[in-house]
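J.: final_19.tsv is reproduced below (TSV, C-alpha atoms).
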chain	number	residue	atom	x	y	z
A	251	MET	CA	226.01	100.45	136.40
A	252	LYS	CA	229.42	99.16	135.46
A	253	ASP	CA	227.87	96.10	133.82
A	254	LEU	CA	225.45	98.30	131.86
A	255	THR	CA	228.29	100.53	130.71
A	256	LYS	CA	230.37	97.57	129.56
A	257	GLU	CA	227.43	96.00	127.76
A	258	LEU	CA	226.52	99.26	126.04
A	259	LEU	CA	230.09	99.85	124.88
A	260	GLU	CA	230.28	96.32	123.46
A	261	ILE	CA	227.01	96.85	121.57
A	262	LEU	CA	228.31	100.17	120.20
A	263	LYS	CA	231.50	98.47	119.03
A	264	ARG	CA	229.49	95.82	117.18
A	265	ILE	CA	227.23	98.45	115.60
A	266	ASP	CA	230.28	100.44	114.46
A	267	ALA	CA	231.89	97.28	113.02
A	268	GLY	CA	228.72	96.37	111.15
A	269	VAL	CA	228.29	93.04	112.95
A	270	ALA	CA	225.54	93.93	115.43
A	271	SER	CA	222.83	91.32	115.84
A	272	GLU	CA	219.10	92.06	115.85
A	273	ASP	CA	219.13	91.67	119.64
A	274	ASP	CA	222.00	94.20	119.94
A	275	LEU	CA	220.10	96.75	117.89
A	276	ARG	CA	216.88	96.14	119.79
A	277	GLN	CA	218.64	96.66	123.14
A	278	TYR	CA	220.30	99.84	121.97
A	279	HIS	CA	217.04	101.14	120.51
A	280	GLN	CA	215.34	100.51	123.87
A	281	TRP	CA	218.19	102.25	125.70
A	282	CYS	CA	217.79	105.31	123.46
A	283	GLU	CA	214.07	105.42	124.12
A	284	MET	CA	214.69	105.17	127.86
A	285	GLN	CA	217.11	108.10	127.79
A	286	GLN	CA	214.70	110.23	125.77
A	287	ASN	CA	211.74	109.34	127.99
A	288	HIS	CA	213.71	110.42	131.05
A	289	ASN	CA	214.45	113.72	129.29
A	290	ARG	CA	218.06	113.77	130.41
A	291	SER	CA	220.28	116.66	129.39
A	292	ASP	CA	223.12	114.23	128.87
A	293	SER	CA	221.85	111.21	126.94
A	294	LEU	CA	225.01	109.29	127.68
A	295	ALA	CA	224.68	109.37	131.45
A	296	ALA	CA	225.27	105.62	131.69
A	297	LEU	CA	228.93	106.14	130.81
A	298	ASP	CA	231.61	107.53	133.06
A	299	PRO	CA	233.06	110.92	131.94
A	300	ILE	CA	236.20	109.51	130.28
A	301	GLN	CA	234.30	106.86	128.32
A	302	LYS	CA	231.63	109.37	127.41
A	303	ASP	CA	234.10	111.93	126.06
A	304	ARG	CA	235.95	109.28	124.05
A	305	LEU	CA	232.74	107.96	122.56
A	306	LEU	CA	231.40	111.41	121.70
A	307	GLU	CA	234.75	112.41	120.21
A	308	VAL	CA	234.54	109.43	117.86
A	309	ILE	CA	230.92	110.19	116.96
A	310	ALA	CA	231.60	113.87	116.45
A	311	GLY	CA	234.68	113.10	114.39
A	312	LYS	CA	232.73	110.76	112.14
A	313	THR	CA	229.71	113.04	111.89
A	314	PHE	CA	231.37	116.39	111.43
A	315	LYS	CA	234.76	115.28	110.02
A	316	LYS	CA	236.24	118.49	108.59
A	317	LYS	CA	233.94	120.93	110.40
A	318	ARG	CA	236.47	122.01	113.02
A	319	SER	CA	234.34	124.94	114.21
A	320	ILE	CA	232.84	122.61	116.84
A	321	THR	CA	235.28	122.94	119.71
A	322	SER	CA	233.31	121.47	122.61
A	323	ILE	CA	232.69	117.73	122.62
A	324	ARG	CA	230.09	118.07	125.35
A	325	ALA	CA	228.26	120.70	123.30
A	326	VAL	CA	227.35	118.05	120.73
A	327	ALA	CA	226.54	115.33	123.28
A	328	THR	CA	222.79	115.44	122.78
A	329	LEU	CA	223.07	115.65	118.99
A	330	ALA	CA	225.61	112.83	118.83
A	331	ALA	CA	223.50	110.60	121.04
A	332	SER	CA	220.43	111.36	118.94
A	333	LEU	CA	222.31	110.47	115.76
A	334	LEU	CA	223.38	107.17	117.26
A	335	CYS	CA	219.82	106.42	118.32
A	336	VAL	CA	218.44	107.22	114.88
A	337	ILE	CA	221.08	105.07	113.19
A	338	ALA	CA	220.59	102.20	115.60
A	339	ALA	CA	216.81	102.36	115.31
A	340	GLY	CA	217.06	102.47	111.53
A	341	LEU	CA	219.35	99.46	111.42
A	342	TRP	CA	217.08	97.59	113.82
A	343	LEU	CA	214.00	98.28	111.69
A	344	TYR	CA	215.91	97.39	108.53
A	345	GLN	CA	217.10	94.03	109.85
A	346	ARG	CA	213.63	93.34	111.22
A	347	ASN	CA	211.72	94.03	108.02
A	348	SER	CA	214.20	93.72	105.15
A	349	THR	CA	213.93	91.12	102.45
A	350	LEU	CA	216.93	92.59	100.56
A	351	SER	CA	214.71	94.17	97.89
A	352	ASP	CA	216.21	95.50	94.67
A	353	HIS	CA	216.01	99.11	95.81
A	354	ASN	CA	217.10	98.78	99.44
A	355	LEU	CA	220.86	99.18	99.68
A	356	ALA	CA	221.15	100.24	103.33
A	357	ILE	CA	223.59	97.43	104.08
A	358	THR	CA	226.08	98.74	101.55
A	359	HIS	CA	227.03	101.62	103.84
A	360	MET	CA	227.87	99.52	106.89
A	361	LYS	CA	231.51	99.70	107.88
A	362	MET	CA	233.30	96.45	107.11
A	363	PRO	CA	235.50	95.02	109.85
A	364	SER	CA	239.22	94.29	109.46
A	365	VAL	CA	241.49	91.63	110.87
A	366	GLN	CA	245.17	91.82	111.78
A	367	LYS	CA	246.11	88.15	111.67
A	368	GLY	CA	244.87	84.97	110.01
A	369	THR	CA	241.25	84.50	108.87
A	370	ILE	CA	238.27	85.36	111.06
A	371	LEU	CA	234.58	84.50	110.72
A	372	VAL	CA	232.30	87.02	112.45
A	373	MET	CA	228.94	85.56	113.43
A	374	ASP	CA	225.63	87.44	113.48
A	375	ASN	CA	225.87	87.96	117.26
A	376	GLY	CA	229.35	89.48	116.98
A	377	ASP	CA	231.28	86.37	118.08
A	378	GLN	CA	234.55	85.86	116.19
A	379	ILE	CA	235.87	82.45	115.16
A	380	ASP	CA	239.57	82.10	114.37
A	381	LEU	CA	239.43	79.68	111.44
A	382	GLU	CA	243.12	78.83	111.70
A	383	LYS	CA	242.47	77.32	115.14
A	384	GLN	CA	239.43	75.36	113.97
A	385	GLY	CA	239.73	71.73	112.93
A	386	GLN	CA	237.86	70.22	110.02
A	387	GLY	CA	234.17	69.46	110.44
A	388	LEU	CA	231.12	71.28	111.77
A	389	ILE	CA	231.84	74.75	113.21
A	390	ALA	CA	228.36	76.04	113.90
A	391	GLY	CA	224.74	75.31	113.12
A	392	GLY	CA	221.47	77.12	113.56
A	393	THR	CA	217.97	77.17	112.20
A	394	ASP	CA	219.16	78.69	108.91
A	395	SER	CA	222.32	76.80	108.01
A	396	GLU	CA	225.25	74.64	108.99
A	397	ILE	CA	228.86	75.85	108.73
A	398	SER	CA	231.67	73.37	108.14
A	399	LYS	CA	235.40	73.67	107.57
A	400	SER	CA	236.41	71.28	104.81
A	401	ASN	CA	240.18	71.95	104.87
A	402	ASP	CA	242.70	74.54	106.08
A	403	SER	CA	241.40	77.27	103.73
A	404	SER	CA	237.84	76.37	102.82
A	405	LEU	CA	234.50	77.04	104.51
A	406	VAL	CA	231.15	75.55	103.42
A	407	TYR	CA	227.63	76.78	104.24
A	408	SER	CA	224.70	74.37	103.84
A	409	ASN	CA	221.00	75.23	103.85
A	410	ARG	CA	218.78	73.74	106.50
A	411	LEU	CA	215.59	72.23	105.07
A	412	ASN	CA	212.52	74.48	105.15
A	413	ALA	CA	214.58	77.35	106.54
A	414	ALA	CA	213.03	80.36	104.83
A	415	SER	CA	213.03	83.67	106.70
A	416	ASN	CA	212.32	87.32	105.93
A	417	ILE	CA	215.00	88.35	108.42
A	418	PRO	CA	218.42	87.57	106.89
A	419	VAL	CA	221.21	86.47	109.20
A	420	PHE	CA	224.65	87.76	108.16
A	421	ASN	CA	228.18	86.47	108.68
A	422	THR	CA	231.41	88.21	107.68
A	423	LEU	CA	234.57	86.46	106.48
A	424	MET	CA	237.77	88.49	106.91
A	425	THR	CA	241.32	87.76	105.77
A	426	ALA	CA	244.47	89.46	107.04
A	427	ARG	CA	247.53	90.28	105.00
A	428	GLY	CA	249.19	87.16	103.65
A	429	HIS	CA	246.04	85.03	103.83
A	430	GLN	CA	243.34	84.04	101.37
A	431	TYR	CA	240.31	81.83	101.86
A	432	GLN	CA	237.72	79.90	99.87
A	433	LEU	CA	234.04	80.02	100.76
A	434	THR	CA	231.06	78.05	99.47
A	435	LEU	CA	227.84	79.96	100.08
A	436	ALA	CA	224.54	78.31	100.94
A	437	ASP	CA	223.36	78.51	97.30
A	438	GLY	CA	226.45	76.64	96.08
A	439	SER	CA	228.27	79.73	94.78
A	440	LYS	CA	232.04	79.65	95.38
A	441	VAL	CA	234.10	82.65	96.46
A	442	TRP	CA	237.89	82.99	96.69
A	443	LEU	CA	238.72	85.89	99.03
A	444	ASN	CA	242.10	87.54	98.53
A	445	ALA	CA	244.37	88.84	101.29
A	446	SER	CA	243.26	91.83	103.40
A	447	SER	CA	239.65	91.52	102.23
A	448	SER	CA	236.22	90.94	103.76
A	449	LEU	CA	232.91	89.56	102.54
A	450	ARG	CA	229.57	90.03	104.31
A	451	PHE	CA	226.87	87.57	103.26
A	452	PRO	CA	223.58	85.95	104.37
A	453	VAL	CA	223.98	82.46	105.82
A	454	ASN	CA	220.90	81.38	103.87
A	455	PHE	CA	219.33	82.85	100.73
A	456	ALA	CA	215.99	81.03	101.11
A	457	GLY	CA	213.02	83.35	100.68
A	458	GLN	CA	215.16	86.25	99.35
A	459	LYS	CA	214.59	88.08	96.06
A	460	GLN	CA	218.32	88.57	95.58
A	461	ARG	CA	221.49	86.81	96.66
A	462	LYS	CA	223.30	89.92	97.85
A	463	VAL	CA	226.82	90.06	99.33
A	464	ILE	CA	229.09	92.99	100.27
A	465	LEU	CA	232.77	92.99	99.36
A	466	GLU	CA	235.72	95.06	100.49
A	467	GLY	CA	239.02	94.10	98.87
A	468	GLU	CA	239.30	91.46	96.14
A	469	ALA	CA	237.44	88.24	95.42
A	470	TYR	CA	236.84	85.79	92.58
A	471	PHE	CA	233.28	84.46	92.20
A	472	GLU	CA	231.86	81.35	90.57
A	473	VAL	CA	228.13	81.92	90.93
A	474	ALA	CA	225.61	79.08	91.02
A	475	LYS	CA	222.96	79.63	88.35
A	476	ASN	CA	219.52	80.68	89.50
A	477	PRO	CA	217.79	82.92	86.92
A	478	GLU	CA	214.92	83.74	89.29
A	479	VAL	CA	217.18	84.99	92.12
A	480	PRO	CA	219.99	87.25	90.79
A	481	PHE	CA	223.35	87.27	92.56
A	482	VAL	CA	224.50	90.79	93.50
A	483	VAL	CA	227.95	91.91	94.65
A	484	VAL	CA	228.04	95.36	96.25
A	485	THR	CA	231.23	97.40	96.74
A	486	ASP	CA	231.73	101.04	97.64
A	487	LYS	CA	231.83	101.95	93.92
A	488	GLN	CA	229.92	99.22	92.10
A	489	GLU	CA	226.88	96.97	92.19
A	490	ILE	CA	227.35	93.89	90.01
A	491	LYS	CA	224.28	91.82	89.13
A	492	VAL	CA	224.61	88.33	87.65
A	493	LEU	CA	222.53	85.18	87.12
A	494	GLY	CA	225.40	82.71	86.99
A	495	THR	CA	228.94	83.48	85.91
A	496	HIS	CA	232.65	83.67	86.77
A	497	PHE	CA	234.13	87.08	87.53
A	498	ASN	CA	236.72	88.91	89.63
A	499	VAL	CA	236.08	92.07	91.68
A	500	LYS	CA	238.77	94.29	93.16
A	501	SER	CA	237.53	97.16	95.30
A	502	ASP	CA	239.81	98.59	97.98
A	503	GLN	CA	238.37	101.53	99.94
A	504	ASN	CA	241.73	103.31	99.85
A	505	ALA	CA	242.08	102.88	96.06
A	506	SER	CA	240.86	105.46	93.55
A	507	SER	CA	239.18	102.87	91.34
A	508	SER	CA	237.29	99.58	91.46
A	509	MET	CA	237.56	96.85	88.81
A	510	THR	CA	235.21	94.08	87.69
A	511	THR	CA	236.60	91.50	85.26
A	512	LEU	CA	234.38	88.93	83.53
A	513	LEU	CA	235.67	85.47	82.70
A	514	GLU	CA	232.46	83.65	81.80
A	515	GLY	CA	228.78	84.52	81.31
A	516	SER	CA	227.58	88.12	81.57
A	517	VAL	CA	227.17	90.76	84.28
A	518	MET	CA	225.48	94.13	84.60
A	519	VAL	CA	227.32	96.78	86.61
A	520	ASN	CA	225.47	99.68	88.24
A	521	ASN	CA	222.41	98.78	86.14
A	522	SER	CA	224.06	100.49	83.17
A	523	VAL	CA	227.07	98.62	81.75
A	524	LYS	CA	227.03	95.04	80.50
A	525	LEU	CA	230.28	93.07	80.25
A	526	VAL	CA	231.20	90.16	78.01
A	527	PRO	CA	234.00	87.66	78.78
A	528	GLY	CA	237.45	89.21	78.61
A	529	GLU	CA	236.25	92.71	79.47
A	530	GLN	CA	237.12	94.71	82.57
A	531	LEU	CA	235.09	97.63	83.88
A	532	VAL	CA	236.95	100.32	85.83
A	533	ALA	CA	234.88	102.56	88.11
A	534	SER	CA	236.57	105.74	89.34
A	535	SER	CA	235.71	109.30	90.28
A	536	SER	CA	235.79	110.20	86.58
A	537	GLY	CA	233.17	107.58	85.67
A	538	LEU	CA	233.07	104.10	84.12
A	539	SER	CA	235.34	102.75	81.39
A	540	LYS	CA	235.69	99.33	79.71
A	541	ARG	CA	238.78	97.62	78.36
A	542	ARG	CA	239.92	94.21	77.12
A	543	VAL	CA	242.29	92.35	79.45
A	544	ASN	CA	244.03	89.00	79.81
A	545	VAL	CA	241.76	87.37	82.38
A	546	GLU	CA	244.43	84.86	83.41
A	547	ASP	CA	246.60	87.75	84.53
A	548	VAL	CA	243.73	89.19	86.59
A	549	ILE	CA	243.09	85.96	88.52
A	550	ALA	CA	246.77	85.01	88.89
A	551	TRP	CA	246.43	85.66	92.66
A	552	LYS	CA	243.76	82.93	92.91
A	553	ASN	CA	246.14	80.46	91.30
A	554	GLY	CA	249.06	81.32	93.60
A	555	PHE	CA	250.97	83.90	91.56
A	556	PHE	CA	251.78	87.59	91.56
A	557	ASN	CA	251.10	89.05	88.13
A	558	PHE	CA	253.20	92.16	87.60
A	559	GLU	CA	252.75	92.45	83.82
A	560	GLY	CA	252.76	96.12	82.88
A	561	LYS	CA	252.76	97.34	86.49
A	562	GLN	CA	254.88	100.07	88.08
A	563	ILE	CA	256.91	99.62	91.26
A	564	PRO	CA	254.32	101.36	93.55
A	565	GLU	CA	251.55	99.00	92.35
A	566	ILE	CA	253.83	96.03	92.88
A	567	MET	CA	254.89	97.12	96.35
A	568	ASP	CA	251.25	97.65	97.40
A	569	GLU	CA	250.44	94.07	96.39
A	570	LEU	CA	253.54	92.64	98.09
A	571	ALA	CA	252.81	94.63	101.27
A	572	ARG	CA	249.32	93.12	101.40
A	573	TRP	CA	250.68	89.60	101.06
A	574	TYR	CA	253.85	89.76	103.16
A	575	ASP	CA	252.57	92.32	105.69
A	576	PHE	CA	255.14	95.13	105.63
A	577	GLU	CA	255.22	98.91	105.19
A	578	VAL	CA	256.86	100.69	102.26
A	579	ARG	CA	259.05	103.80	102.23
A	580	TYR	CA	260.52	105.44	99.11
A	581	VAL	CA	263.87	107.24	98.97
A	582	GLY	CA	264.21	109.67	96.07
A	583	THR	CA	262.02	109.58	92.98
A	584	VAL	CA	259.56	106.72	92.63
A	585	PRO	CA	260.43	104.58	89.57
A	586	LYS	CA	257.86	104.97	86.76
A	587	ASP	CA	259.03	102.24	84.38
A	588	LYS	CA	256.80	99.16	84.05
A	589	VAL	CA	257.72	95.61	84.98
A	590	ASP	CA	256.84	92.40	83.13
A	591	ALA	CA	256.98	89.45	85.53
A	592	THR	CA	254.92	86.61	87.03
A	593	ILE	CA	256.21	85.33	90.38
A	594	SER	CA	255.00	82.56	92.67
A	595	ARG	CA	253.40	83.66	95.94
A	596	LYS	CA	255.16	80.76	97.65
A	597	LYS	CA	258.50	82.54	97.40
A	598	ARG	CA	259.89	84.40	100.39
A	599	VAL	CA	259.69	88.18	100.26
A	600	ASP	CA	263.47	88.55	99.95
A	601	GLU	CA	263.43	86.19	96.94
A	602	VAL	CA	260.74	88.28	95.26
A	603	LEU	CA	262.63	91.51	95.92
A	604	ASP	CA	265.83	89.98	94.54
A	605	LEU	CA	263.97	89.17	91.32
A	606	LEU	CA	262.61	92.71	91.13
A	607	GLU	CA	266.07	94.16	91.63
A	608	MET	CA	267.15	92.29	88.49
A	609	THR	CA	264.97	94.70	86.48
A	610	GLY	CA	267.43	97.46	87.38
A	611	LEU	CA	264.62	99.84	88.36
A	612	ALA	CA	265.16	99.95	92.11
A	613	LYS	CA	267.01	98.54	95.09
A	614	PHE	CA	265.24	97.19	98.17
A	615	SER	CA	266.44	97.11	101.76
A	616	LYS	CA	264.72	96.13	104.99
A	617	SER	CA	264.46	98.27	108.12
A	618	GLY	CA	262.35	96.57	110.78
A	619	ASN	CA	258.96	95.93	109.21
A	620	THR	CA	259.57	98.48	106.46
A	621	ILE	CA	260.91	97.88	102.94
A	622	VAL	CA	262.88	100.86	101.69
A	623	VAL	CA	262.72	101.40	97.91
A	624	THR	CA	265.56	103.37	96.28
A	625	GLN	CA	265.53	104.27	92.59
A	626	THR	CA	268.54	103.13	90.57
A	627	LYS	CA	267.72	104.59	87.15
Can you present the structure in this file as structure tokens?

T.:
Amino acid sequence: MKDLTKELLEILKRIDAGVASEDDLRQYHQWCEMQQNHNRSDSLAALDPIQKDRLLEVIAGKTFKKKRSITSIRAVATLAASLLCVIAAGLWLYQRNSTLSDHNLAITHMKMPSVQKGTILVMDNGDQIDLEKQGQGLIAGGTDSEISKSNDSSLVYSNRLNAASNIPVFNTLMTARGHQYQLTLADGSKVWLNASSSLRFPVNFAGQKQRKVILEGEAYFEVAKNPEVPFVVVTDKQEIKVLGTHFNVKSDQNASSSMTTLLEGSVMVNNSVKLVPGEQLVASSSGLSKRRVNVEDVIAWKNGFFNFEGKQIPEIMDELARWYDFEVRYVGTVPKDKVDATISRKKRVDEVLDLLEMTGLAKFSKSGNTIVVTQTK
């Protein structure tokens, strides 16, 4: 029973992280059916009481969020278990039958994983590969593709011949704060993933009607042209469809807006707005809006620079915190004046803060892993 409990918990973790394999989902689906067939009053009988209460608390918290009228975790045990079974069964059927059709966006709602250090590649079976510890050369190979590391910050996927399948196999690339990574997808498209971001993608696009990937964070794309198989980038606020083009997408789940900037070619966002080079589309709770921007400023991060042109101190500190991995605390009023500066990412954090202090807008001090910002104007 202990082995079953451990295995079930691991499967649940992978389902929650969005990296469950088809075998994981099949096993969980079978487990749900077994519990229902036995007509147990407590569908989570395989878990010990402490594990069961913790699991149900998480499920109830995610399911009912602000509905605090539910006071008994055990009172929702059957409902919570049923919800998990329905979700797991749905995911299993989706992965089994999906061909990533134009109208099926079930994968967009899967929770994207996060990583605390370095760059991690999550395989379809849930295994995690620390890319910083991998040498150059072949990392993995299956019936669909081969995965190779070409240098310290570049990963390449190659199609296997005659490897067409209606069941897509997904990998997820995740970067921590202070790290960025380059990825070449199986179709030849190139992706630069910024710090604290993740990209979920099929290891092989053969046999698919779309080349669909899911982004959380920021990435720059150079898409290989294939007019018959559109390339689609899905975020929590946007769906960007292209045939072959260069563009940047920034979509943080904690941010109030998501931005798509076109450098070359054309894209269609949310099947409603078409961009031309030099335009940026901002998606927020108030709707969609377009504006002209300096594209070199937008992709400065890809070229190794912080671009702080026209940005306020809070925006700047958010970007620095993502790169240098620190927390931010403000003392007094937050400065509202805008900064005009471009700074190399190769500089140490104290050097960058010294340069920012020269603007006269704020002073910066360090307390443990926290940067304290004090207004000076």

J.: Go ahead and compute the interatomic distance for atom CA of A:Thr609 and atom CA of A:Asn444, in Å to one decimal.

T.: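 Answer for the atom CA of A:Thr609 to atom CA of A:Asn444 separation: 26.8 Å.
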
J.: So that I can see what lies close to A:Val517, please list as a PDB file with C-alpha atoms, in the coordinates of the input the residues with an atom at most 12 Å from it, counting only C-alpha atoms and leaving out residues fewer than 6 positions away in the same chain.

T.:
ATOM      1  CA  PHE A 471     233.280  84.460  92.200  1.00  0.00           C
ATOM      2  CA  VAL A 473     228.130  81.920  90.930  1.00  0.00           C
ATOM      3  CA  PRO A 480     219.990  87.250  90.790  1.00  0.00           C
ATOM      4  CA  PHE A 481     223.350  87.270  92.560  1.00  0.00           C
ATOM      5  CA  VAL A 482     224.500  90.790  93.500  1.00  0.00           C
ATOM      6  CA  VAL A 483     227.950  91.910  94.650  1.00  0.00           C
ATOM      7  CA  GLN A 488     229.920  99.220  92.100  1.00  0.00           C
ATOM      8  CA  GLU A 489     226.880  96.970  92.190  1.00  0.00           C
ATOM      9  CA  ILE A 490     227.350  93.890  90.010  1.00  0.00           C
ATOM     10  CA  LYS A 491     224.280  91.820  89.130  1.00  0.00           C
ATOM     11  CA  VAL A 492     224.610  88.330  87.650  1.00  0.00           C
ATOM     12  CA  LEU A 493     222.530  85.180  87.120  1.00  0.00           C
ATOM     13  CA  GLY A 494     225.400  82.710  86.990  1.00  0.00           C
ATOM     14  CA  THR A 495     228.940  83.480  85.910  1.00  0.00           C
ATOM     15  CA  HIS A 496     232.650  83.670  86.770  1.00  0.00           C
ATOM     16  CA  PHE A 497     234.130  87.080  87.530  1.00  0.00           C
ATOM     17  CA  ASN A 498     236.720  88.910  89.630  1.00  0.00           C
ATOM     18  CA  VAL A 499     236.080  92.070  91.680  1.00  0.00           C
ATOM     19  CA  THR A 510     235.210  94.080  87.690  1.00  0.00           C
ATOM     20  CA  THR A 511     236.600  91.500  85.260  1.00  0.00           C
ATOM     21  CA  VAL A 523     227.070  98.620  81.750  1.00  0.00           C
ATOM     22  CA  LYS A 524     227.030  95.040  80.500  1.00  0.00           C
ATOM     23  CA  LEU A 525     230.280  93.070  80.250  1.00  0.00           C
ATOM     24  CA  VAL A 526     231.200  90.160  78.010  1.00  0.00           C
ATOM     25  CA  PRO A 527     234.000  87.660  78.780  1.00  0.00           C
ATOM     26  CA  GLY A 528     237.450  89.210  78.610  1.00  0.00           C
ATOM     27  CA  GLU A 529     236.250  92.710  79.470  1.00  0.00           C
ATOM     28  CA  GLN A 530     237.120  94.710  82.570  1.00  0.00           C
ATOM     29  CA  LEU A 531     235.090  97.630  83.880  1.00  0.00           C
TER      30      LEU A 531
END

J.: Quick one: pull the distance between atom CA of A:Leu570 and atom CA of A:Gln430, Å, one decimal.

T.: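 We find that atom CA of A:Leu570 and atom CA of A:Gln430 lie 13.7 Å from each other.
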
J.: Using only C-alpha atoms, determine which residues lie at most 10 Å from A:Thr626, disregarding the query and same-chain residues fewer than 6 positions distant; provide the list as a list in words.

T.: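 Within the cut-off, the hits are Gly582, Thr583, Val584, Pro585, Glu607, Gly610, Leu611, Ala612 and Lys613 of chain A.
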
J.: Can you tell me which residues surround A:Trp442 at a distance of at most 6 Å, considering all atoms listed in the file, apart from same-chain residues fewer than 5 positions away, and format the answer as JSON, numbers by chain?

T.: {"A": [431, 432, 469, 470]}

J.: Please, what distance in Å, to one decimal, runs between atom CA of A:Gly560 and atom CA of A:Thr620?

T.: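 We find that atom CA of A:Gly560 and atom CA of A:Thr620 lie 24.7 Å from each other.
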
J.: For A:Val589, list every protein, DNA or RNA residue within 7 Å, evaluated using only C-alpha atoms, and leave out those in the same chain fewer than 3 positions away; present the list as a list in words.

T.: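 Neighbouring residues, sequence-local ones excluded: Phe558, Glu559, Gly560, Lys561 and Gln562 of chain A.
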
J.: Using all atoms listed in the file for the distances, tell me which of A:Ile563, A:Arg450, A:Thr425, A:Lys399 is nearest to A:Lys586.

T.: A:Ile563

J.: Could you name the residues that touch A:Lys596 at 9 Å or less, counting only C-alpha atoms, but leaving out those on the same chain fewer than 3 positions away, as a list of chain:residue names?

T.: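 Answer for this query is A:Gly554, A:Phe555, A:Ile593.
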